[in-house]
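Shown here: model-v6.txt, compact mmCIF, C-alpha atoms.
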# COMPACT_ATOMS: atom_id res chain seq x y z
CA MET A 117 44.85 157.71 98.27
CA SER A 118 44.82 157.40 94.53
CA PRO A 119 41.54 157.12 92.67
CA ALA A 120 42.99 154.04 90.98
CA ASP A 121 42.44 152.16 94.21
CA GLN A 122 38.75 152.24 93.65
CA ASN A 123 39.18 149.52 91.07
CA ALA A 124 40.32 147.03 93.64
CA SER A 125 37.28 145.12 94.84
CA PRO A 126 36.89 146.33 98.39
CA ALA A 127 35.41 143.13 99.77
CA PRO A 128 34.77 140.01 97.75
CA THR A 129 31.75 138.16 99.03
CA GLN A 130 33.82 135.00 99.20
CA THR A 131 37.34 133.88 98.48
CA ILE A 132 37.57 132.28 95.10
CA HIS A 133 40.76 131.17 93.45
CA LEU A 134 40.89 133.04 90.20
CA SER A 135 41.42 130.34 87.64
CA GLY A 136 42.41 132.79 84.98
CA GLY A 137 42.06 136.38 84.10
CA ALA A 138 44.16 138.45 81.78
CA GLY A 139 47.68 137.33 82.42
CA THR A 140 46.76 133.71 83.01
CA ALA A 141 47.33 131.12 80.36
CA PRO A 142 44.69 128.57 79.49
CA GLU A 143 45.30 125.08 80.79
CA HIS A 144 45.99 123.43 77.45
CA GLU A 145 49.08 124.17 75.46
CA SER A 146 48.17 126.72 72.85
CA THR A 147 48.72 126.13 69.17
CA GLY A 148 49.02 129.88 68.69
CA PHE A 149 52.20 131.82 68.13
CA THR A 150 53.38 135.27 67.10
CA ILE A 151 55.13 136.29 63.90
CA TRP A 152 56.81 139.62 64.47
CA PHE A 153 57.78 141.67 61.45
CA THR A 154 60.29 144.42 62.10
CA GLY A 155 61.96 146.77 59.68
CA LEU A 156 62.00 150.29 58.35
CA SER A 157 58.95 152.05 56.98
CA GLY A 158 58.30 150.96 53.41
CA ALA A 159 60.48 147.87 53.69
CA GLY A 160 57.55 145.63 52.80
CA LYS A 161 56.34 144.32 56.16
CA SER A 162 52.63 144.78 55.35
CA THR A 163 52.97 143.31 51.87
CA ILE A 164 54.60 140.09 53.10
CA THR A 165 52.20 139.98 56.04
CA ALA A 166 49.16 140.06 53.76
CA ILE A 167 50.46 137.13 51.70
CA LEU A 168 51.30 135.16 54.80
CA GLU A 169 47.96 135.89 56.42
CA ARG A 170 46.06 134.62 53.40
CA GLU A 171 48.18 131.51 53.15
CA LEU A 172 47.87 130.63 56.85
CA ARG A 173 44.10 131.14 56.74
CA GLN A 174 43.89 128.87 53.74
CA ARG A 175 45.60 126.28 55.86
CA GLY A 176 42.79 126.60 58.38
CA LEU A 177 44.56 128.66 61.01
CA ARG A 178 43.08 131.59 62.90
CA VAL A 179 45.11 134.64 61.99
CA GLU A 180 45.00 138.19 63.27
CA VAL A 181 47.21 140.95 61.93
CA LEU A 182 48.30 143.71 64.26
CA ASP A 183 49.36 146.48 62.01
CA GLY A 184 51.35 149.25 63.62
CA ASP A 185 49.14 151.98 62.19
CA VAL A 186 45.86 150.32 63.08
CA VAL A 187 47.02 149.65 66.58
CA ARG A 188 48.04 153.27 66.98
CA THR A 189 44.45 154.20 66.22
CA ASN A 190 42.83 151.65 68.51
CA LEU A 191 45.23 151.28 71.38
CA SER A 192 47.69 154.10 71.34
CA LYS A 193 45.97 157.27 70.24
CA GLY A 194 47.85 160.19 71.71
CA LEU A 195 51.19 158.45 71.79
CA GLY A 196 53.95 160.16 69.87
CA PHE A 197 57.25 159.03 68.46
CA SER A 198 59.59 159.51 71.39
CA LYS A 199 61.47 156.39 72.47
CA GLU A 200 59.17 156.02 75.45
CA ASP A 201 56.00 156.33 73.38
CA ARG A 202 57.30 153.97 70.71
CA ASP A 203 58.18 151.44 73.41
CA THR A 204 54.73 151.74 74.97
CA ASN A 205 53.11 151.20 71.59
CA ILE A 206 55.19 148.09 70.90
CA LEU A 207 54.56 146.64 74.37
CA ARG A 208 50.81 147.07 73.80
CA ILE A 209 50.96 145.33 70.45
CA GLY A 210 53.04 142.66 72.13
CA TRP A 211 50.47 142.19 74.87
CA VAL A 212 47.67 141.73 72.36
CA CYS A 213 49.84 139.24 70.44
CA GLU A 214 50.43 137.40 73.70
CA VAL A 215 46.73 137.20 74.52
CA LEU A 216 45.96 135.96 71.00
CA SER A 217 48.85 133.49 70.90
CA ARG A 218 47.77 131.77 74.09
CA ASN A 219 44.29 131.32 72.63
CA ASP A 220 45.30 129.31 69.56
CA VAL A 221 45.49 132.33 67.28
CA VAL A 222 48.40 133.20 65.01
CA ALA A 223 49.18 136.85 65.71
CA ILE A 224 51.15 138.70 63.06
CA ALA A 225 52.61 142.02 64.11
CA ALA A 226 53.81 144.38 61.41
CA ALA A 227 55.37 147.39 63.07
CA ILE A 228 58.65 149.22 62.66
CA SER A 229 59.47 148.30 66.30
CA PRO A 230 62.89 149.94 66.18
CA TYR A 231 64.25 148.94 69.58
CA ARG A 232 65.86 145.55 70.09
CA GLU A 233 65.37 145.46 73.85
CA ILE A 234 61.62 145.94 73.60
CA ARG A 235 61.23 143.32 70.87
CA ASP A 236 63.19 140.93 73.08
CA GLN A 237 60.92 141.72 76.03
CA VAL A 238 57.92 140.83 73.90
CA ARG A 239 59.64 137.66 72.70
CA ALA A 240 60.38 136.59 76.26
CA ARG A 241 56.75 137.05 77.31
CA ILE A 242 55.25 135.21 74.38
CA GLY A 243 57.66 132.30 73.98
CA ARG A 244 56.38 131.02 70.66
CA PHE A 245 57.75 133.98 68.76
CA VAL A 246 59.17 134.19 65.27
CA GLU A 247 61.01 137.39 64.47
CA VAL A 248 61.16 138.36 60.82
CA TYR A 249 63.50 141.13 59.84
CA VAL A 250 62.54 142.79 56.57
CA GLU A 251 65.78 144.31 55.41
CA ALA A 252 66.20 147.01 52.81
CA PRO A 253 68.93 149.61 52.49
CA LEU A 254 67.94 153.18 53.17
CA GLU A 255 68.84 154.22 49.61
CA VAL A 256 66.52 151.61 48.13
CA LEU A 257 63.71 152.74 50.40
CA ALA A 258 64.30 156.38 49.52
CA ASP A 259 64.42 155.60 45.80
CA ARG A 260 61.10 153.78 45.69
CA ASP A 261 59.34 156.12 48.14
CA VAL A 262 56.76 157.82 45.90
CA LYS A 263 55.65 160.11 48.70
CA GLY A 264 59.21 161.31 49.16
CA LEU A 265 59.06 160.92 52.93
CA TYR A 266 62.58 159.59 53.19
CA ARG A 267 63.97 162.47 51.17
CA LYS A 268 62.04 164.94 53.31
CA ALA A 269 63.38 163.27 56.45
CA MET A 270 66.89 163.37 55.04
CA ALA A 271 66.40 167.08 54.35
CA GLY A 272 65.27 167.57 57.94
CA GLU A 273 61.69 168.45 56.97
CA ILE A 274 60.28 165.48 58.89
CA LYS A 275 61.60 164.68 62.33
CA ASN A 276 61.84 161.42 64.27
CA PHE A 277 61.94 159.36 61.13
CA THR A 278 63.20 155.87 61.86
CA GLY A 279 66.38 155.05 60.01
CA VAL A 280 67.13 158.67 59.25
CA ASP A 281 67.25 160.76 62.40
CA ASP A 282 65.69 158.17 64.73
CA PRO A 283 67.42 154.87 65.53
CA TYR A 284 66.61 151.48 64.12
CA GLU A 285 68.24 148.50 65.80
CA ALA A 286 68.23 145.49 63.51
CA PRO A 287 67.67 142.09 65.14
CA LEU A 288 70.88 140.24 65.98
CA ASP A 289 69.47 136.76 65.53
CA PRO A 290 66.04 136.84 63.86
CA GLU A 291 64.41 133.58 62.84
CA VAL A 292 64.01 134.87 59.28
CA VAL A 293 65.55 137.68 57.25
CA CYS A 294 63.64 138.84 54.20
CA TYR A 295 65.29 141.01 51.58
CA SER A 296 63.09 143.55 49.90
CA ASP A 297 65.83 145.16 47.84
CA GLY A 298 64.90 143.18 44.74
CA ARG A 299 66.72 139.98 45.65
CA GLU A 300 63.44 138.21 46.42
CA THR A 301 59.75 138.75 45.69
CA PRO A 302 57.26 139.24 48.52
CA GLU A 303 55.96 135.72 47.76
CA GLN A 304 59.45 134.31 48.18
CA SER A 305 59.82 136.22 51.43
CA ALA A 306 56.51 134.85 52.71
CA ASN A 307 57.65 131.38 51.72
CA LYS A 308 60.80 131.71 53.79
CA VAL A 309 58.65 132.50 56.80
CA LEU A 310 56.37 129.54 56.07
CA ALA A 311 59.35 127.23 55.78
CA LYS A 312 60.60 128.41 59.16
CA LEU A 313 57.17 127.90 60.73
CA GLU A 314 57.13 124.36 59.40
CA GLU A 315 60.68 123.73 60.61
CA LEU A 316 59.69 124.94 64.09
CA GLY A 317 56.65 122.68 64.04
CA TYR A 318 54.26 125.62 64.40
CA VAL A 319 52.41 124.74 61.21
CA ALA A 320 52.03 121.37 59.55
CA PRO A 321 54.29 120.91 56.54
CA THR A 322 52.67 120.85 53.13
CA THR A 323 53.47 117.95 50.88
CA GLY A 324 55.85 118.77 48.07
CA GLU A 325 56.10 122.30 46.82
CA HIS A 326 54.91 125.22 48.85
CA VAL A 327 51.58 126.48 47.68
CA LEU A 328 52.95 129.94 47.12
CA ALA A 329 55.94 128.70 45.14
CA ALA A 330 53.59 126.88 42.79
CA ARG A 331 51.60 129.96 41.95
CA MET B 1180 53.83 167.01 57.80
CA SER B 1181 53.21 164.88 60.83
CA PRO B 1182 55.73 162.24 61.85
CA ALA B 1183 52.84 159.77 61.90
CA ASP B 1184 52.90 159.82 58.13
CA GLN B 1185 56.12 157.91 58.16
CA ASN B 1186 54.17 154.81 59.05
CA ALA B 1187 52.42 154.76 55.74
CA SER B 1188 54.36 152.56 53.39
CA PRO B 1189 55.75 155.05 50.90
CA ALA B 1190 55.79 152.71 47.94
CA PRO B 1191 54.62 149.13 48.01
CA THR B 1192 56.63 147.01 45.60
CA GLN B 1193 53.39 145.75 44.12
CA THR B 1194 49.68 146.13 44.65
CA ILE B 1195 48.32 143.36 46.79
CA HIS B 1196 44.79 143.18 48.06
CA LEU B 1197 45.04 143.00 51.82
CA SER B 1198 43.02 139.97 52.72
CA GLY B 1199 42.83 140.94 56.33
CA GLY B 1200 44.69 142.90 58.88
CA ALA B 1201 43.50 144.25 62.19
CA GLY B 1202 40.01 145.43 61.53
CA THR B 1203 39.20 142.66 59.10
CA ALA B 1204 37.15 139.68 60.12
CA PRO B 1205 38.22 136.18 59.23
CA GLU B 1206 36.26 134.55 56.45
CA HIS B 1207 34.46 131.97 58.57
CA GLU B 1208 31.81 132.93 61.07
CA SER B 1209 33.44 133.05 64.46
CA THR B 1210 32.19 131.01 67.39
CA GLY B 1211 33.56 133.63 69.73
CA PHE B 1212 31.60 136.25 71.61
CA THR B 1213 32.01 138.79 74.38
CA ILE B 1214 30.52 138.74 77.85
CA TRP B 1215 30.65 142.23 79.25
CA PHE B 1216 30.32 142.67 83.01
CA THR B 1217 29.47 146.16 84.16
CA GLY B 1218 28.75 147.43 87.65
CA LEU B 1219 30.17 149.36 90.55
CA SER B 1220 33.47 148.58 92.19
CA GLY B 1221 33.07 145.69 94.62
CA ALA B 1222 29.78 144.54 93.11
CA GLY B 1223 31.25 141.12 92.36
CA LYS B 1224 32.14 141.30 88.67
CA SER B 1225 35.49 139.54 89.10
CA THR B 1226 34.06 136.85 91.36
CA ILE B 1227 31.33 135.86 88.93
CA THR B 1228 33.76 136.17 86.04
CA ALA B 1229 36.18 133.68 87.62
CA ILE B 1230 33.42 131.08 88.08
CA LEU B 1231 32.18 131.57 84.56
CA GLU B 1232 35.66 131.41 83.09
CA ARG B 1233 36.36 128.08 84.81
CA GLU B 1234 33.05 126.63 83.72
CA LEU B 1235 33.39 127.72 80.09
CA ARG B 1236 36.92 126.32 79.93
CA GLN B 1237 35.69 123.04 81.32
CA ARG B 1238 33.26 122.99 78.42
CA GLY B 1239 36.22 123.21 76.07
CA LEU B 1240 35.94 126.86 75.09
CA ARG B 1241 38.83 129.28 74.74
CA VAL B 1242 38.31 132.00 77.31
CA GLU B 1243 40.22 135.19 77.99
CA VAL B 1244 39.35 137.55 80.82
CA LEU B 1245 39.97 141.26 80.34
CA ASP B 1246 40.01 142.65 83.82
CA GLY B 1247 39.73 146.41 84.09
CA ASP B 1248 42.74 146.68 86.39
CA VAL B 1249 44.99 144.40 84.36
CA VAL B 1250 44.10 146.21 81.18
CA ARG B 1251 44.90 149.54 82.77
CA THR B 1252 48.41 148.20 83.42
CA ASN B 1253 48.95 146.72 79.97
CA LEU B 1254 47.05 149.01 77.66
CA SER B 1255 46.17 152.18 79.44
CA LYS B 1256 49.00 153.17 81.71
CA GLY B 1257 48.87 156.91 82.18
CA LEU B 1258 45.14 157.20 81.67
CA GLY B 1259 43.24 158.75 84.54
CA PHE B 1260 39.63 158.71 85.61
CA SER B 1261 38.18 161.60 83.64
CA LYS B 1262 35.25 160.70 81.42
CA GLU B 1263 37.49 160.87 78.38
CA ASP B 1264 40.15 158.61 79.89
CA ARG B 1265 37.58 156.14 81.15
CA ASP B 1266 36.01 156.03 77.70
CA THR B 1267 39.38 155.46 76.06
CA ASN B 1268 40.12 152.63 78.46
CA ILE B 1269 36.79 150.95 77.77
CA LEU B 1270 37.14 151.33 74.01
CA ARG B 1271 40.55 149.66 74.20
CA ILE B 1272 39.18 146.76 76.23
CA GLY B 1273 36.35 146.58 73.73
CA TRP B 1274 38.75 146.46 70.81
CA VAL B 1275 40.68 143.57 72.36
CA CYS B 1276 37.38 141.78 73.03
CA GLU B 1277 36.44 142.32 69.40
CA VAL B 1278 39.72 140.90 68.12
CA LEU B 1279 39.36 137.87 70.39
CA SER B 1280 35.68 137.33 69.61
CA ARG B 1281 36.28 137.19 65.89
CA ASN B 1282 38.94 134.53 66.44
CA ASP B 1283 36.71 131.98 68.20
CA VAL B 1284 37.63 133.12 71.68
CA VAL B 1285 35.17 133.96 74.45
CA ALA B 1286 36.25 137.35 75.80
CA ILE B 1287 35.01 138.26 79.24
CA ALA B 1288 35.40 141.90 80.22
CA ALA B 1289 35.06 142.83 83.87
CA ALA B 1290 35.30 146.58 84.17
CA ILE B 1291 33.18 149.22 85.86
CA SER B 1292 32.52 150.74 82.42
CA PRO B 1293 30.24 153.44 83.79
CA TYR B 1294 29.03 155.05 80.55
CA ARG B 1295 26.15 153.54 78.61
CA GLU B 1296 27.02 155.12 75.29
CA ILE B 1297 30.51 153.66 75.27
CA ARG B 1298 29.29 150.18 76.24
CA ASP B 1299 26.76 150.43 73.42
CA GLN B 1300 29.50 151.45 70.99
CA VAL B 1301 31.46 148.36 71.95
CA ARG B 1302 28.34 146.22 71.63
CA ALA B 1303 27.66 147.56 68.14
CA ARG B 1304 31.20 146.77 66.99
CA ILE B 1305 31.28 143.25 68.38
CA GLY B 1306 27.79 142.04 67.57
CA ARG B 1307 27.89 138.84 69.61
CA PHE B 1308 27.80 140.70 72.89
CA VAL B 1309 26.18 139.74 76.18
CA GLU B 1310 25.93 142.51 78.72
CA VAL B 1311 25.78 141.48 82.34
CA TYR B 1312 24.85 144.08 84.89
CA VAL B 1313 26.04 143.21 88.37
CA GLU B 1314 23.73 145.22 90.56
CA ALA B 1315 24.25 146.08 94.20
CA PRO B 1316 23.00 149.09 96.15
CA LEU B 1317 25.61 151.59 97.22
CA GLU B 1318 24.83 151.00 100.88
CA VAL B 1319 25.48 147.26 100.55
CA LEU B 1320 28.76 147.95 98.80
CA ALA B 1321 29.81 150.46 101.43
CA ASP B 1322 28.87 148.08 104.25
CA ARG B 1323 30.94 145.18 103.00
CA ASP B 1324 33.87 147.31 101.84
CA VAL B 1325 36.63 146.27 104.24
CA LYS B 1326 39.02 148.86 102.85
CA GLY B 1327 36.50 151.58 103.52
CA LEU B 1328 36.93 153.12 100.10
CA TYR B 1329 33.24 153.89 99.68
CA ARG B 1330 33.09 155.62 103.04
CA LYS B 1331 36.19 157.63 102.17
CA ALA B 1332 34.66 158.60 98.85
CA MET B 1333 31.44 159.55 100.57
CA ALA B 1334 33.47 161.70 102.95
CA GLY B 1335 35.16 163.36 99.98
CA GLU B 1336 38.59 161.88 100.75
CA ILE B 1337 38.71 160.03 97.42
CA LYS B 1338 37.62 161.79 94.28
CA ASN B 1339 36.17 160.47 91.02
CA PHE B 1340 34.73 157.41 92.70
CA THR B 1341 32.12 155.79 90.48
CA GLY B 1342 28.70 155.69 92.08
CA VAL B 1343 29.60 158.32 94.66
CA ASP B 1344 30.87 161.50 93.02
CA ASP B 1345 31.35 160.06 89.52
CA PRO B 1346 28.44 158.82 87.41
CA TYR B 1347 27.42 155.23 86.82
CA GLU B 1348 24.85 154.64 84.11
CA ALA B 1349 23.16 151.28 84.56
CA PRO B 1350 22.31 149.34 81.38
CA LEU B 1351 18.76 149.88 80.17
CA ASP B 1352 18.34 146.45 78.63
CA PRO B 1353 21.16 144.11 79.64
CA GLU B 1354 21.00 140.45 78.66
CA VAL B 1355 21.47 139.43 82.30
CA VAL B 1356 21.12 141.17 85.65
CA CYS B 1357 22.96 139.62 88.58
CA TYR B 1358 22.15 140.65 92.13
CA SER B 1359 25.04 140.68 94.54
CA ASP B 1360 23.08 142.05 97.48
CA GLY B 1361 22.60 138.62 99.04
CA ARG B 1362 19.66 137.55 96.89
CA GLU B 1363 21.83 135.15 94.90
CA THR B 1364 25.22 133.50 95.27
CA PRO B 1365 28.00 134.14 92.76
CA GLU B 1366 27.44 130.57 91.48
CA GLN B 1367 23.77 131.36 90.89
CA SER B 1368 24.75 134.55 89.11
CA ALA B 1369 27.19 132.67 86.88
CA ASN B 1370 24.46 130.14 86.16
CA LYS B 1371 22.13 132.86 84.97
CA VAL B 1372 24.77 133.98 82.50
CA LEU B 1373 25.33 130.40 81.33
CA ALA B 1374 21.62 129.91 80.83
CA LYS B 1375 21.50 133.05 78.69
CA LEU B 1376 24.49 131.90 76.63
CA GLU B 1377 22.72 128.61 75.97
CA GLU B 1378 19.48 130.40 75.11
CA LEU B 1379 21.35 132.58 72.62
CA GLY B 1380 22.98 129.51 71.13
CA TYR B 1381 26.47 130.78 71.96
CA VAL B 1382 27.29 127.68 74.01
CA ALA B 1383 25.87 124.19 73.65
CA PRO B 1384 23.29 123.36 76.30
CA THR B 1385 24.23 120.87 78.97
CA THR B 1386 21.92 117.95 79.52
CA GLY B 1387 19.81 118.24 82.64
CA GLU B 1388 21.02 120.35 85.55
CA HIS B 1389 23.66 122.95 85.06
CA VAL B 1390 27.02 121.78 86.30
CA LEU B 1391 27.30 124.68 88.68
CA ALA B 1392 23.87 124.16 90.12
CA ALA B 1393 24.74 120.58 90.94
CA ARG B 1394 27.79 121.51 92.98

Show the structure stored in the file as structure tokens.
Amino acid sequence: MSPADQNASPAPTQTIHLSGGAGTAPEHESTGFTIWFTGLSGAGKSTITAILERELRQRGLRVEVLDGDVVRTNLSKGLGFSKEDRDTNILRIGWVCEVLSRNDVVAIAAAISPYREIRDQVRARIGRFVEVYVEAPLEVLADRDVKGLYRKAMAGEIKNFTGVDDPYEAPLDPEVVCYSDGRETPEQSANKVLAKLEELGYVAPTTGEHVLAAR
Amino acid sequence: MSPADQNASPAPTQTIHLSGGAGTAPEHESTGFTIWFTGLSGAGKSTITAILERELRQRGLRVEVLDGDVVRTNLSKGLGFSKEDRDTNILRIGWVCEVLSRNDVVAIAAAISPYREIRDQVRARIGRFVEVYVEAPLEVLADRDVKGLYRKAMAGEIKNFTGVDDPYEAPLDPEVVCYSDGRETPEQSANKVLAKLEELGYVAPTTGEHVLAAR
């Protein structure tokens, strides 16, 4: 017998229908949803996220950002960068997004999340899910990479670097594509996401110009 | 250089003050809080939790239950029952409670959480934290344990069983103590927690009798 079995309550004092518990949605329809940023390291996910977070909070929404690095510290210490470990990390972020989304919170995930299948698993579980692909060509990323990580990865000095010697599977049909190769500013990228959220009915439309566009 | 470094954005396109992100509290004061149930396996944590969850939802609050078993599936697969792994599991549950609590959600954790120091760490991080100790003597638990897990642990057939061959450190100064040795019903236990929540100002007091007491 596994020690894990000890966590099962051996004998409840009475039978009670569990009205909830982790994994059970609240009875009302949640106003929450998840915005999932995916893209290569340095593509600008965190930058756009920060603008979007501020804007959504100014509109009175509850917003929580799940940053890939922060989550690795809090939820996934010890995990590495194998496909399995990356998948586990993304599924954990996805689960936290799910729990937040069903409690009227806007969860924003900003993580490389290289594998399409896992992102789609998370999407299927959450339902109200807006995938934002932050696209930038590898050369652009390498050129503006002041730490030179991309060049080191290209030279083989760093291993398991997504987009270089580790796969990145771009979304096939994301709700939004942001271009961080100079074609648009981070504010414009954030605005595209806001426009999509309004179109989907997830946030109330502003009257006239977008706040960000007016700045 | 560690592959983890690749997650640091090599070169942000511009400097933007991150207004939030995981680890950053929203600007308003949250109405959320955490109720933390601790106690031996089979003591009745889940039973009281389910009653409390239903009642708080009926009062219009957002409630999310973090059950120790469910969290082990979603956040802590692969962790065992060493002190280190138990601590990691509890800190992860605590982090999710923290994220929920700062977004106006009532997080209810129901996990053995045997170590005082770790519970106190979680308490310190969350702030609005109500610890509920569900107390029951080992003999009572063993007697009503239909699966016989306690007896097997006592016979040495199961290892690392909290309260038998693995430590359980009872809270020194919990906000609420519930007795599941027959002295009170689960409804009475849930009512004690509700009364404490009202006393702390975390939930609005009901007029007259508690709803549960009237049932």

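Computed from the coordinates, the atom CA of A:Glu303 to atom CA of A:Ile167 distance equals 6.9 Å.
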
Exercise. Report the distance between atom CA of A:Arg208 and atom CA of B:Ser1255 in Å, rounded to one decimal place.
Key: 8.9 Å

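For B:Pro1316, the set of protein, DNA and RNA residues having any atom at most 10 Å away, when counting all atoms listed in the file and skipping those fewer than 6 positions along the same chain, is B:Leu1219, B:Ala1222, B:Gly1342, B:Tyr1358, B:Ser1359, B:Asp1360.
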
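Counting only C-alpha atoms and comparing B:Ile1214, B:Ile1227, B:Val1319, B:Val1284, the residue that lies closest to B:Pro1353 is B:Ile1214.
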
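When the distance limit is 6 Å and only C-alpha atoms are what count, the residues near A:Gly155, minus those fewer than 4 positions from it on the same chain, are Ile228, Tyr249 and Val250 of chain A.
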
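Note that the spacing between atom CA of A:Val248 and atom CA of B:Val1244 amounts to 29.6 Å.
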
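With distances restricted to all atoms listed in the file, B:Asn1282 is the closest residue to chain A from B:Gln1367, B:Asn1282, B:Thr1213, B:Thr1385.
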
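Closest approach to B:Gly1221 from the set B:Glu1263, B:Glu1314, B:Glu1234, B:Glu1378 is made by B:Glu1314, with distances taken over all atoms listed in the file.
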
Practice problem: Mind checking which residues fall within 8 Å of B:Asn1268, counting all atoms listed in the file, ignoring those fewer than 2 positions away in the same chain, and posting them as a PyMOL selection string? | Solution: chain B and resi 1251+1254-1255+1258+1264-1266+1270-1272
